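Trainee: Data file protein_27.cif (mmCIF, C-alpha atoms) is appended below.
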```
data_work
#
loop_
_atom_site.label_atom_id
_atom_site.label_comp_id
_atom_site.auth_asym_id
_atom_site.auth_seq_id
_atom_site.Cartn_x
_atom_site.Cartn_y
_atom_site.Cartn_z
CA MET A 25 62.49 104.44 117.04
CA VAL A 26 65.14 107.16 117.08
CA HIS A 27 67.90 106.68 114.50
CA VAL A 28 71.24 107.75 115.85
CA ARG A 29 73.78 108.60 113.21
CA ARG A 30 77.20 107.32 114.06
CA ARG A 31 80.38 108.29 112.36
CA PRO A 32 81.85 105.32 110.48
CA ARG A 33 84.57 103.85 112.66
CA ALA A 34 86.90 103.55 109.69
CA ALA A 35 86.57 107.29 108.95
CA VAL A 36 87.31 108.18 112.57
CA ALA A 37 90.34 105.89 112.60
CA LEU A 38 91.68 107.37 109.37
CA ALA A 39 91.23 110.92 110.65
CA ALA A 40 93.00 110.03 113.90
CA GLY A 41 95.79 108.41 111.94
CA ALA A 42 96.18 111.50 109.75
CA VAL A 43 96.43 113.69 112.86
CA LEU A 44 99.07 111.41 114.37
CA LEU A 45 101.03 111.13 111.16
CA THR A 46 101.09 114.91 110.71
CA GLY A 47 102.06 115.47 114.35
CA CYS A 48 99.16 117.33 116.04
CA SER A 49 100.54 120.65 114.78
CA SER A 50 97.54 122.96 115.22
CA ALA A 51 97.94 122.95 119.04
CA HIS A 52 101.20 124.89 118.68
CA GLU A 53 99.81 127.75 116.58
CA PRO A 54 99.01 130.22 119.43
CA GLU A 55 102.53 129.98 120.88
CA VAL A 56 104.14 130.24 117.44
CA GLU A 57 102.11 133.38 116.66
CA ARG A 58 103.04 134.93 120.01
CA VAL A 59 106.79 134.36 119.57
CA ALA A 60 106.83 135.66 115.98
CA GLY A 61 104.68 138.67 116.87
CA THR A 62 106.83 139.60 119.88
CA PHE A 63 110.11 139.39 117.94
CA ASP A 64 108.75 141.58 115.14
CA ASP A 65 107.37 144.13 117.64
CA THR A 66 109.96 146.93 117.48
CA SER A 67 108.49 148.49 120.65
CA ALA A 68 109.24 145.35 122.69
CA ASP A 69 112.29 145.10 124.97
CA PRO A 70 115.36 144.31 122.80
CA GLN A 71 116.68 141.67 125.20
CA GLN A 72 113.26 140.01 125.30
CA ARG A 73 113.33 139.88 121.51
CA CYS A 74 116.85 138.39 121.53
CA ASP A 75 115.76 135.73 124.02
CA LEU A 76 113.33 134.49 121.37
CA LEU A 77 116.13 133.62 118.93
CA ALA A 78 117.23 129.99 118.60
CA PRO A 79 120.74 129.52 120.08
CA ALA A 80 122.47 128.89 116.74
CA THR A 81 120.67 131.86 115.16
CA LEU A 82 121.64 134.16 118.06
CA ILE A 83 125.31 133.27 117.65
CA ALA A 84 125.23 133.70 113.87
CA PHE A 85 123.34 137.03 114.16
CA GLU A 86 125.82 138.55 116.62
CA GLN A 87 128.75 137.36 114.49
CA ASP A 88 127.24 138.85 111.30
CA GLU A 89 126.45 142.17 113.01
CA SER A 90 129.65 142.27 115.09
CA ALA A 91 127.56 143.58 117.95
CA PRO A 92 125.52 142.26 120.88
CA CYS A 93 122.06 141.12 119.83
CA ALA A 94 120.28 143.65 122.05
CA ASP A 95 121.97 146.48 120.09
CA ALA A 96 121.75 144.96 116.60
CA VAL A 97 118.11 143.86 116.85
CA GLN A 98 116.94 147.46 117.16
CA ASP A 99 118.26 148.19 113.66
CA LEU A 100 116.50 145.26 112.01
CA PRO A 101 114.19 146.31 109.14
CA VAL A 102 111.20 144.33 110.44
CA GLN A 103 107.70 145.72 110.12
CA GLY A 104 105.68 142.97 111.80
CA GLY A 105 101.96 143.59 111.51
CA ALA A 106 98.92 141.32 111.63
CA VAL A 107 99.37 137.55 111.31
CA GLU A 108 98.27 136.44 107.85
CA SER A 109 99.06 132.72 108.02
CA VAL A 110 100.69 130.13 110.27
CA GLU A 111 102.19 126.82 109.16
CA VAL A 112 103.39 124.29 111.76
CA TRP A 113 104.93 121.01 110.54
CA GLY A 114 106.67 118.78 113.06
CA GLY A 115 109.16 120.83 115.02
CA ASN A 116 109.29 123.70 112.50
CA ALA A 117 106.98 126.59 111.76
CA GLN A 118 106.47 129.62 109.50
CA VAL A 119 104.50 132.76 110.33
CA ARG A 120 103.58 135.27 107.62
CA LEU A 121 102.97 138.72 109.06
CA ALA A 122 101.81 141.72 107.07
CA GLY A 123 105.37 143.05 106.94
CA ASP A 124 107.58 139.98 107.46
CA THR A 125 107.96 136.21 107.21
CA VAL A 126 109.48 134.40 110.17
CA PHE A 127 110.67 130.80 110.57
CA LEU A 128 110.70 129.05 113.96
CA THR A 129 111.80 125.77 115.53
CA GLU A 130 110.67 123.99 118.68
CA THR A 131 113.31 123.80 121.43
CA ARG A 132 113.35 122.59 125.04
CA ALA A 133 112.69 126.23 126.05
CA GLY A 134 109.73 126.56 123.68
CA TRP A 135 109.38 127.92 120.15
CA ARG A 136 112.31 130.05 118.98
CA ILE A 137 113.09 132.11 115.86
CA THR A 138 115.51 130.52 113.37
CA SER A 139 115.12 133.14 110.66
CA ALA A 140 113.46 136.57 110.48
CA ALA A 141 113.22 139.60 108.22
CA CYS A 142 112.79 137.16 105.33
CA THR A 143 111.84 137.97 101.75
CA PRO A 144 110.86 135.31 99.21
CA ARG A 145 113.10 134.39 96.29
CA SER A 146 111.88 132.76 93.12
CA GLY A 147 112.62 129.03 93.13
CA GLY A 148 114.78 129.09 96.25
CA PRO A 149 114.87 129.58 100.02
CA TYR A 150 113.85 132.89 101.58
CA ASP A 151 116.55 135.55 101.91
CA CYS A 152 116.69 136.44 105.62
CA GLU A 153 118.44 139.24 107.50
CA VAL A 154 118.43 137.10 110.66
CA ASP A 155 119.46 133.54 109.91
CA GLY A 156 121.09 130.49 111.44
CA PRO A 157 124.06 128.46 110.15
CA MET B 24 105.98 62.03 108.04
CA SER B 25 103.19 64.45 109.16
CA VAL B 26 102.66 65.48 112.76
CA GLU B 27 99.19 65.71 114.26
CA GLU B 28 98.26 69.31 115.05
CA LYS B 29 97.32 68.53 118.66
CA GLU B 30 100.79 67.09 119.41
CA TYR B 31 102.57 70.22 118.16
CA GLY B 32 101.71 72.96 120.61
CA PHE B 33 101.10 76.62 119.81
CA LEU B 34 104.73 77.74 119.61
CA ARG B 35 105.92 74.98 117.31
CA ALA B 36 102.83 75.11 115.12
CA ASN B 37 103.24 78.86 114.60
CA ALA B 38 107.04 79.08 114.71
CA LEU B 39 107.38 80.70 111.27
CA THR B 40 104.98 83.56 112.03
CA LEU B 41 106.38 84.07 115.52
CA ALA B 42 109.99 84.09 114.32
CA PHE B 43 109.35 86.67 111.62
CA GLY B 44 107.14 88.68 113.96
CA GLY B 45 110.04 88.83 116.39
CA LEU B 46 112.51 89.76 113.64
CA PHE B 47 110.12 92.50 112.52
CA LEU B 48 110.01 94.00 116.01
CA VAL B 49 113.80 93.86 116.39
CA SER B 50 114.23 95.49 112.98
CA LEU B 51 111.71 98.20 113.81
CA VAL B 52 113.54 99.04 117.04
CA GLY B 53 116.83 99.12 115.14
CA GLN B 54 115.32 101.44 112.55
CA ALA B 55 114.02 103.73 115.30
CA ILE B 56 117.42 104.01 117.02
CA SER B 57 119.50 104.46 113.87
CA GLY B 58 116.89 106.74 112.33
CA ALA B 59 116.89 109.01 115.39
CA ALA B 60 120.68 109.25 115.26
CA ASN B 61 120.62 110.12 111.57
CA PHE B 62 117.80 112.66 112.05
CA ASN B 63 119.63 114.39 114.89
CA ALA B 64 122.84 114.61 112.87
CA GLN B 65 120.87 116.52 110.23
CA GLN B 66 119.25 118.69 112.93
CA VAL B 67 122.69 119.82 114.10
CA VAL B 68 123.74 120.64 110.52
CA ASN B 69 120.61 122.80 110.16
CA GLY B 70 121.32 124.58 113.46
CA LEU B 71 118.31 122.94 115.13
CA GLU B 72 117.91 121.05 118.40
CA PRO B 73 118.24 117.24 118.53
CA VAL B 74 115.11 115.31 119.52
CA SER B 75 114.61 112.41 121.93
CA LEU B 76 113.94 108.85 120.74
CA LEU B 77 110.29 109.18 121.80
CA GLU B 78 109.92 112.45 119.91
CA TYR B 79 111.48 110.84 116.82
CA VAL B 80 109.27 107.73 116.76
CA THR B 81 106.16 109.94 117.04
CA SER B 82 107.37 112.21 114.23
CA SER B 83 106.31 112.23 110.59
CA SER B 84 109.92 111.51 109.62
CA PHE B 85 109.81 108.09 111.30
CA GLY B 86 106.26 107.53 110.13
CA VAL B 87 107.09 107.97 106.45
CA ASP B 88 110.21 105.80 106.71
CA VAL B 89 108.07 102.95 108.09
CA MET B 90 105.04 103.40 105.84
CA GLU B 91 107.02 103.70 102.60
CA ASN B 92 108.44 100.24 103.26
CA TRP B 93 105.14 98.67 104.30
CA GLN B 94 103.31 99.92 101.19
CA SER B 95 105.90 98.41 98.87
CA GLU B 96 105.76 95.05 100.65
CA TYR B 97 102.00 94.86 100.32
CA LEU B 98 102.19 95.98 96.68
CA GLN B 99 104.69 93.20 96.05
CA PHE B 100 102.41 90.55 97.53
CA PHE B 101 99.32 92.00 95.83
CA LEU B 102 100.94 91.90 92.38
CA TYR B 103 102.60 88.54 93.06
CA ILE B 104 99.35 86.89 94.12
CA PHE B 105 97.47 88.12 91.06
CA ALA B 106 100.32 87.69 88.58
CA THR B 107 100.79 84.02 89.52
CA VAL B 108 97.15 83.36 88.57
CA TRP B 109 97.77 84.33 84.96
CA LEU B 110 101.55 84.15 84.39
CA VAL B 111 103.83 81.14 84.63
CA GLN B 112 107.56 80.56 84.90
CA ARG B 113 108.52 77.15 83.59
CA GLY B 114 110.60 75.26 86.13
CA SER B 115 110.01 77.66 89.02
CA SER B 116 108.82 76.63 92.46
CA GLU B 117 106.91 79.94 92.51
CA SER B 118 104.76 79.08 89.49
CA LYS B 119 101.87 76.90 88.44
CA GLU B 120 102.36 74.36 85.70
CA PRO B 121 102.34 75.90 82.21
CA GLY B 122 98.88 75.33 80.74
CA SER B 123 97.06 75.90 84.04
CA GLU B 124 96.92 79.70 83.77
CA GLY B 125 93.71 81.30 85.00
CA MET B 126 91.16 80.71 87.77
CA GLU B 127 91.05 76.87 87.34
CA SER B 128 87.93 74.74 87.67
CA ASP B 129 85.68 74.50 90.74
CA ARG B 130 86.71 70.88 91.11
CA GLU B 131 90.40 71.76 91.10
CA GLN B 132 89.77 74.55 93.63
CA LYS B 133 87.42 72.45 95.82
CA VAL B 134 84.64 75.01 95.57
CA GLY B 135 80.89 74.57 95.97
CA ARG B 136 79.78 70.95 95.60
CA HIS B 137 83.42 69.92 95.20
CA ALA B 138 84.31 71.17 98.71
CA ASP B 139 85.18 68.55 101.33
CA ASP B 140 84.68 68.34 105.10
CA ASP B 141 87.76 70.48 105.80
CA SER B 142 86.83 73.23 103.35
CA PRO B 143 86.01 76.65 104.83
CA THR B 144 82.30 77.43 104.95
CA TRP B 145 82.47 80.25 102.43
CA ALA B 146 84.20 77.92 99.93
CA ARG B 147 81.13 75.70 100.05
CA THR B 148 78.22 78.18 100.16
CA GLY B 149 78.53 79.63 96.66
CA GLY B 150 77.25 83.04 95.52
CA TRP B 151 78.96 86.28 96.58
CA ARG B 152 80.48 84.69 99.68
CA THR B 153 82.45 82.19 97.64
CA ALA B 154 83.36 84.88 95.08
CA VAL B 155 84.73 87.14 97.84
CA PHE B 156 86.48 84.35 99.73
CA SER B 157 88.06 83.15 96.47
CA ARG B 158 89.73 86.56 96.11
CA SER B 159 90.15 87.46 99.79
CA LEU B 160 93.94 87.13 99.94
CA GLY B 161 94.58 89.45 97.00
CA MET B 162 91.87 91.84 98.13
CA LEU B 163 93.42 92.13 101.59
CA MET B 164 96.90 92.73 100.19
CA GLY B 165 95.54 95.30 97.75
CA ALA B 166 93.62 97.09 100.50
CA LEU B 167 96.64 97.10 102.80
CA PHE B 168 98.78 98.49 99.96
CA LEU B 169 96.36 101.33 99.32
CA LEU B 170 96.02 102.15 103.02
CA THR B 171 99.77 102.15 103.64
CA TRP B 172 100.46 104.09 100.42
CA VAL B 173 98.00 106.78 101.51
CA ALA B 174 99.56 106.75 104.99
CA SER B 175 102.99 107.06 103.39
CA SER B 176 101.82 110.03 101.34
CA ILE B 177 100.42 111.80 104.42
CA ALA B 178 103.47 111.15 106.59
CA GLY B 179 105.77 111.98 103.70
CA TRP B 180 103.90 115.23 103.10
CA ALA B 181 104.34 116.23 106.75
CA ALA B 182 108.02 115.27 106.82
CA PHE B 183 108.62 117.09 103.51
CA ASN B 184 107.00 120.27 104.80
CA SER B 185 108.94 120.13 108.07
CA GLU B 186 112.13 119.90 106.01
CA GLN B 187 110.94 122.74 103.75
CA LEU B 188 110.51 125.02 106.78
CA ALA B 189 113.89 123.97 108.22
CA GLN B 190 115.42 125.10 104.92
CA ARG B 191 113.49 128.41 104.89
CA GLN B 192 111.14 127.37 102.09
CA ASP B 193 107.34 127.41 101.83
CA PRO B 194 105.36 124.24 102.66
CA VAL B 195 103.13 122.64 100.00
CA GLY B 196 99.62 121.17 99.95
CA TRP B 197 98.96 117.40 99.86
CA PHE B 198 97.99 117.35 96.19
CA SER B 199 101.13 119.31 95.32
CA TYR B 200 103.20 116.85 97.36
CA LEU B 201 101.82 113.98 95.23
CA GLY B 202 103.57 115.65 92.30
CA GLU B 203 106.84 116.16 94.16
CA ALA B 204 109.94 114.15 93.32
CA ASP B 205 110.26 113.25 97.02
CA PHE B 206 106.99 111.23 96.97
CA TRP B 207 107.72 109.35 93.75
CA ASN B 208 111.37 108.79 94.63
CA ARG B 209 110.28 107.15 97.90
CA SER B 210 107.70 105.03 96.05
CA PHE B 211 109.88 103.90 93.15
CA GLN B 212 112.98 103.20 95.23
CA ASN B 213 110.94 100.75 97.30
CA TRP B 214 109.00 99.26 94.36
CA GLN B 215 112.10 98.44 92.32
CA SER B 216 113.57 96.35 95.12
CA GLU B 217 110.35 94.41 95.65
CA MET B 218 109.95 93.60 91.94
CA LEU B 219 113.61 92.59 91.78
CA ALA B 220 113.11 90.21 94.73
CA VAL B 221 110.08 88.49 93.19
CA GLY B 222 111.65 88.23 89.75
CA SER B 223 114.87 86.89 91.21
CA MET B 224 113.04 84.27 93.25
CA ALA B 225 111.01 83.20 90.23
CA ILE B 226 114.05 82.52 88.07
CA PHE B 227 116.60 81.40 90.70
CA SER B 228 114.22 78.72 91.95
CA VAL B 229 114.33 77.13 88.50
CA TYR B 230 117.98 76.21 88.78
CA LEU B 231 118.88 76.36 92.49
CA ARG B 232 117.63 74.34 95.46
CA GLN B 233 117.28 74.69 99.23
CA ARG B 234 116.68 71.27 100.71
CA GLY B 235 113.72 71.14 103.09
CA SER B 236 112.27 74.53 102.19
CA PRO B 237 108.75 74.71 100.71
CA GLU B 238 110.05 77.67 98.70
CA SER B 239 112.36 75.34 96.77
CA LYS B 240 111.80 72.46 94.39
CA LEU B 241 112.92 69.02 95.50
CA VAL B 242 116.68 68.74 95.25
CA GLY B 243 116.31 65.98 92.68
CA ALA B 244 113.55 67.67 90.66
CA GLY B 245 114.47 68.54 87.10
CA HIS B 246 115.01 72.15 86.06
CA HIS B 247 111.93 71.99 83.80
CA ASP B 248 109.71 70.56 86.54
CA THR B 249 107.41 73.38 87.65
CA GLY B 250 105.99 73.87 91.16
CA GLN B 251 107.34 70.72 92.86
CA THR B 252 108.36 72.18 96.22
CA GLY B 253 110.47 70.53 98.93
#
```
For this file, produce the structure as C-alpha cells.
Mentor:
Amino acid sequence: MVHVRRRPRAAVALAAGAVLLTGCSSAHEPEVERVAGTFDDTSADPQQRCDLLAPATLIAFEQDESAPCADAVQDLPVQGGAVESVEVWGGNAQVRLAGDTVFLTETRAGWRITSAACTPRSGGPYDCEVDGP
Amino acid sequence: MSVEEKEYGFLRANALTLAFGGLFLVSLVGQAISGAANFNAQQVVNGLEPVSLLEYVTSSSFGVDVMENWQSEYLQFFLYIFATVWLVQRGSSESKEPGSEGMESDREQKVGRHADDDSPTWARTGGWRTAVFSRSLGMLMGALFLLTWVASSIAGWAAFNSEQLAQRQDPVGWFSYLGEADFWNRSFQNWQSEMLAVGSMAIFSVYLRQRGSPESKLVGAGHHDTGQTG
C-alpha cells in the first residue's frame, strides 16, 4: 500500500492566512525593481524617469528645485546599481540598490517613486533628495 | 413557565445568537467604512493615493484592526471561564457560591455514572473523552485567543511595515515586531477594556438588578445571595 503524505490542512490554512494577512506582496517585486532601476538609471530618458515619480513627489521635487523635473532629474546624485534587496508591504515598497535606496507606493497607474536618493539616518527616517510632502 | 422546544421554531429558539450575529455584521461593516475613511485621510497627509473600500478590507491595516479586537475578546472569555472555577465574588450573579471553588464533584457535575438521559455522550463515557469534554469550553476559547493573537501579530507586523515604508523608514522582522511598542500597545489597550468589563460586571451585579435577564440576580434577591439569576 502506497502511503501518500499530505500536508496537514491546518498548516495549509495558516500559511494561506499569513499570505492574505500580509497582502500577497511578493507578486509585486518585479515591477517594483523595474521602476526603481529605471529611475536610478542616469542614461534613461529624463521625462521617462519623471513619469515614474508619484504625483505629490513630482510637485514637491519641482518646487524644491525651482525647475521642471526633466531638467532637475539629470542633476540628481543617484548611482543606481544592482538591486540588493526589495521589501513590499501593502501598498508601499523599498528597493535597496548598490548606490541608492528608493521608496515607492502603488498608484492607479502602477508603482511610483515617493522618495529617491535616500541615505539612512540613525534612529530616524531616511534623508532623501527627492521626497514627497 | 417553560416552552417546549418543538413549539418555538428556529428563529425564536436561537434569537440571542442571531441578534448578536447580526449586530456583529453591522458593526464590522461600519468599522470597514469608517476605517477606510480614516486610512485614506492619512494617505493624503503622507502624499499617497487613497484606496477603495475593497482594497482597504483586504489590507493588513483592516486585518489587524479586526484581529486585535477578536483576540482580546477570546482572552477575556478564556480567563473568565477559568477564573470563575477557582475565584468567587460574594453576591455576584457571575459567581459560584463561596465554598464551592474548584472542579466540584462528579455528582454535582453529572459526570460518569451520575449522568442522566439528557447528558452528552462524552460526559458519560469517562476517561480522556470526559476529561476533554469537561474542559472543552475553556480549551476552545484559549485556542481561539492564541490563533487570533498570532493573526493579530502577523497583520500588525504587515501594517506596521507598510507604515514604516510610507514614512521612509526600514521595515522590521516578525520577531522584532513582537518587541515593538505598536504590538504591545495594541494588545494592552484591548486587554484593559476586557478586564474592566468583566470586573465591572462581577461587582455591579452584586448590588444592581436587571429584571428578566439571566445575567442578573432576581430583583428581590439579597445583595449577599450569590449566583441566583433572574
Trainee: Pick from B:Ser223, B:Ser239, B:Thr107, B:Ser95: nearest to B:Leu170, with only C-alpha atoms counted?
Mentor: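 For B:Leu170, the nearest of the given residues is B:Ser95.
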Trainee: Counting only C-alpha atoms, a student should be able to say which residues of chain B come within 8 Å of chain A; what is the right answer, written as a ChimeraX atom specification?
Mentor: /B:68-72,81-83,86,174,177-178,181-182,184-185,188-192,194
Trainee: Take the residues that were just selected and, keeping C-alpha atoms, output them as a tab-separated table (two decimals), in the frame of the given file.
Mentor:
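What landed in result16.tsv:
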```
chain	number	residue	atom	x	y	z
B	68	VAL	CA	123.74	120.64	110.52
B	69	ASN	CA	120.61	122.80	110.16
B	70	GLY	CA	121.32	124.58	113.46
B	71	LEU	CA	118.31	122.94	115.13
B	72	GLU	CA	117.91	121.05	118.40
B	81	THR	CA	106.16	109.94	117.04
B	82	SER	CA	107.37	112.21	114.23
B	83	SER	CA	106.31	112.23	110.59
B	86	GLY	CA	106.26	107.53	110.13
B	174	ALA	CA	99.56	106.75	104.99
B	177	ILE	CA	100.42	111.80	104.42
B	178	ALA	CA	103.47	111.15	106.59
B	181	ALA	CA	104.34	116.23	106.75
B	182	ALA	CA	108.02	115.27	106.82
B	184	ASN	CA	107.00	120.27	104.80
B	185	SER	CA	108.94	120.13	108.07
B	188	LEU	CA	110.51	125.02	106.78
B	189	ALA	CA	113.89	123.97	108.22
B	190	GLN	CA	115.42	125.10	104.92
B	191	ARG	CA	113.49	128.41	104.89
B	192	GLN	CA	111.14	127.37	102.09
B	194	PRO	CA	105.36	124.24	102.66
```
Trainee: Applying 6 Å and all atoms listed in the file, which residues near stretch 60-77 of chain A remain after dropping the ones on its own chain fewer than 2 positions away? List them as a list in words.
Mentor: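 Answer for this query is Glu57, Arg58, Leu82, Ala94, Val102, Gly104, Arg136 and Ile137 of chain A.
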Trainee: Record the distance separating atom CA of A:Ser90 and atom CA of A:Val59, expressed in Å with one decimal.
Mentor: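 According to the coordinates, atom CA of A:Ser90 and atom CA of A:Val59 are separated by 24.6 Å.
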Trainee: Report, in Å with one decimal, the straight-line distance from atom CA of A:Glu153 to atom CA of B:Asp193.
Mentor: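 Computing it gives 17.2 Å between the two atoms.
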Trainee: Distance cut-off 12 Å, centre (102.6, 78.7, 88.2) in file coordinates, counting all atoms listed in the file: which residues qualify? Return them as a VMD selection string.
Mentor: chain B and resid 103 to 127 225 229 248 to 252
Trainee: Name all residues at most 10 Å from B:Met218 (count all atoms listed in the file; drop same-chain ones fewer than 5 positions away) and give them as a list in words.
Mentor: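 Close residues of B:Met218: Ser95, Glu96, Leu98, Gln99, Phe100, Leu102, Tyr103, Asn213, Ser223 and Met224 of chain B.
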Trainee: Emit the selected residues as a compact mmCIF listing (two decimals), in the frame of the given file, including C-alpha atoms.
Mentor:
```
# COMPACT_ATOMS: atom_id res chain seq x y z
CA SER B 95 105.90 98.41 98.87
CA GLU B 96 105.76 95.05 100.65
CA LEU B 98 102.19 95.98 96.68
CA GLN B 99 104.69 93.20 96.05
CA PHE B 100 102.41 90.55 97.53
CA LEU B 102 100.94 91.90 92.38
CA TYR B 103 102.60 88.54 93.06
CA ASN B 213 110.94 100.75 97.30
CA SER B 223 114.87 86.89 91.21
CA MET B 224 113.04 84.27 93.25
```
Trainee: As an exercise, work out the distance from atom CA of B:Gly149 to atom CA of B:Leu163 in Å and give it to one decimal place.
Mentor: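 The value is 20.1 Å.
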Trainee: Using the chain letters and residue numbers of this document, give as a PyMOL selection string the residues selected by the PyMOL selection byres ((chain B and resi 61-63) around 9).
Mentor: chain B and resi 56-60+64-68+71-75+79+84
Trainee: Got a sec to resolve the PyMOL selection byres ((chain A and resi 121) around 6) on this structure and send the residues as a list in words?
Mentor: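 So the PyMOL selection byres ((chain A and resi 121) around 6) ends up selecting Gly104, Gly105, Ala106, Val107, Glu108, Arg120, Ala122, Gly123, Asp124 and Thr125 of chain A.
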Trainee: Report, as JSON, the axis-aligned box around all atoms of stretch 144-149 of chain A present in the file, extended by 6 Å on each side; give centre and edge lengths in Å to one decimal place.
Mentor:
```
{"center_x": 112.9, "center_y": 132.2, "center_z": 96.6, "size_x": 16.0, "size_y": 18.3, "size_z": 18.9}
```
Trainee: Taking the partial coordinates given, rebuild stretch 208-222 of chain B to contain N, CA and C atoms; return it as a compact mmCIF listing (two decimals), in the frame of the given file.
Mentor:
```txt
# COMPACT_ATOMS: atom_id res chain seq x y z
N ASN B 208 110.08 109.42 94.37
CA ASN B 208 111.37 108.79 94.63
C ASN B 208 111.22 107.76 95.75
N ARG B 209 110.51 108.11 96.80
CA ARG B 209 110.28 107.15 97.90
C ARG B 209 109.51 105.93 97.39
N SER B 210 108.51 106.15 96.54
CA SER B 210 107.70 105.03 96.05
C SER B 210 108.53 104.12 95.15
N PHE B 211 109.16 104.71 94.13
CA PHE B 211 109.88 103.90 93.15
C PHE B 211 111.11 103.21 93.73
N GLN B 212 111.78 103.85 94.68
CA GLN B 212 112.98 103.20 95.23
C GLN B 212 112.60 101.94 96.01
N ASN B 213 111.42 101.94 96.60
CA ASN B 213 110.94 100.75 97.30
C ASN B 213 110.37 99.73 96.33
N TRP B 214 109.61 100.18 95.31
CA TRP B 214 109.00 99.26 94.36
C TRP B 214 110.05 98.48 93.57
N GLN B 215 111.13 99.14 93.16
CA GLN B 215 112.10 98.44 92.32
C GLN B 215 112.73 97.27 93.07
N SER B 216 112.95 97.43 94.36
CA SER B 216 113.57 96.35 95.12
C SER B 216 112.61 95.18 95.30
N GLU B 217 111.33 95.48 95.47
CA GLU B 217 110.35 94.41 95.65
C GLU B 217 110.17 93.62 94.35
N MET B 218 110.12 94.30 93.22
CA MET B 218 109.95 93.60 91.94
C MET B 218 111.20 92.78 91.62
N LEU B 219 112.37 93.33 91.98
CA LEU B 219 113.61 92.59 91.78
C LEU B 219 113.59 91.30 92.60
N ALA B 220 113.13 91.39 93.85
CA ALA B 220 113.11 90.21 94.73
C ALA B 220 112.21 89.12 94.17
N VAL B 221 111.02 89.48 93.72
CA VAL B 221 110.08 88.49 93.19
C VAL B 221 110.61 87.88 91.91
N GLY B 222 111.11 88.73 91.02
CA GLY B 222 111.65 88.23 89.75
C GLY B 222 112.84 87.32 89.97
```
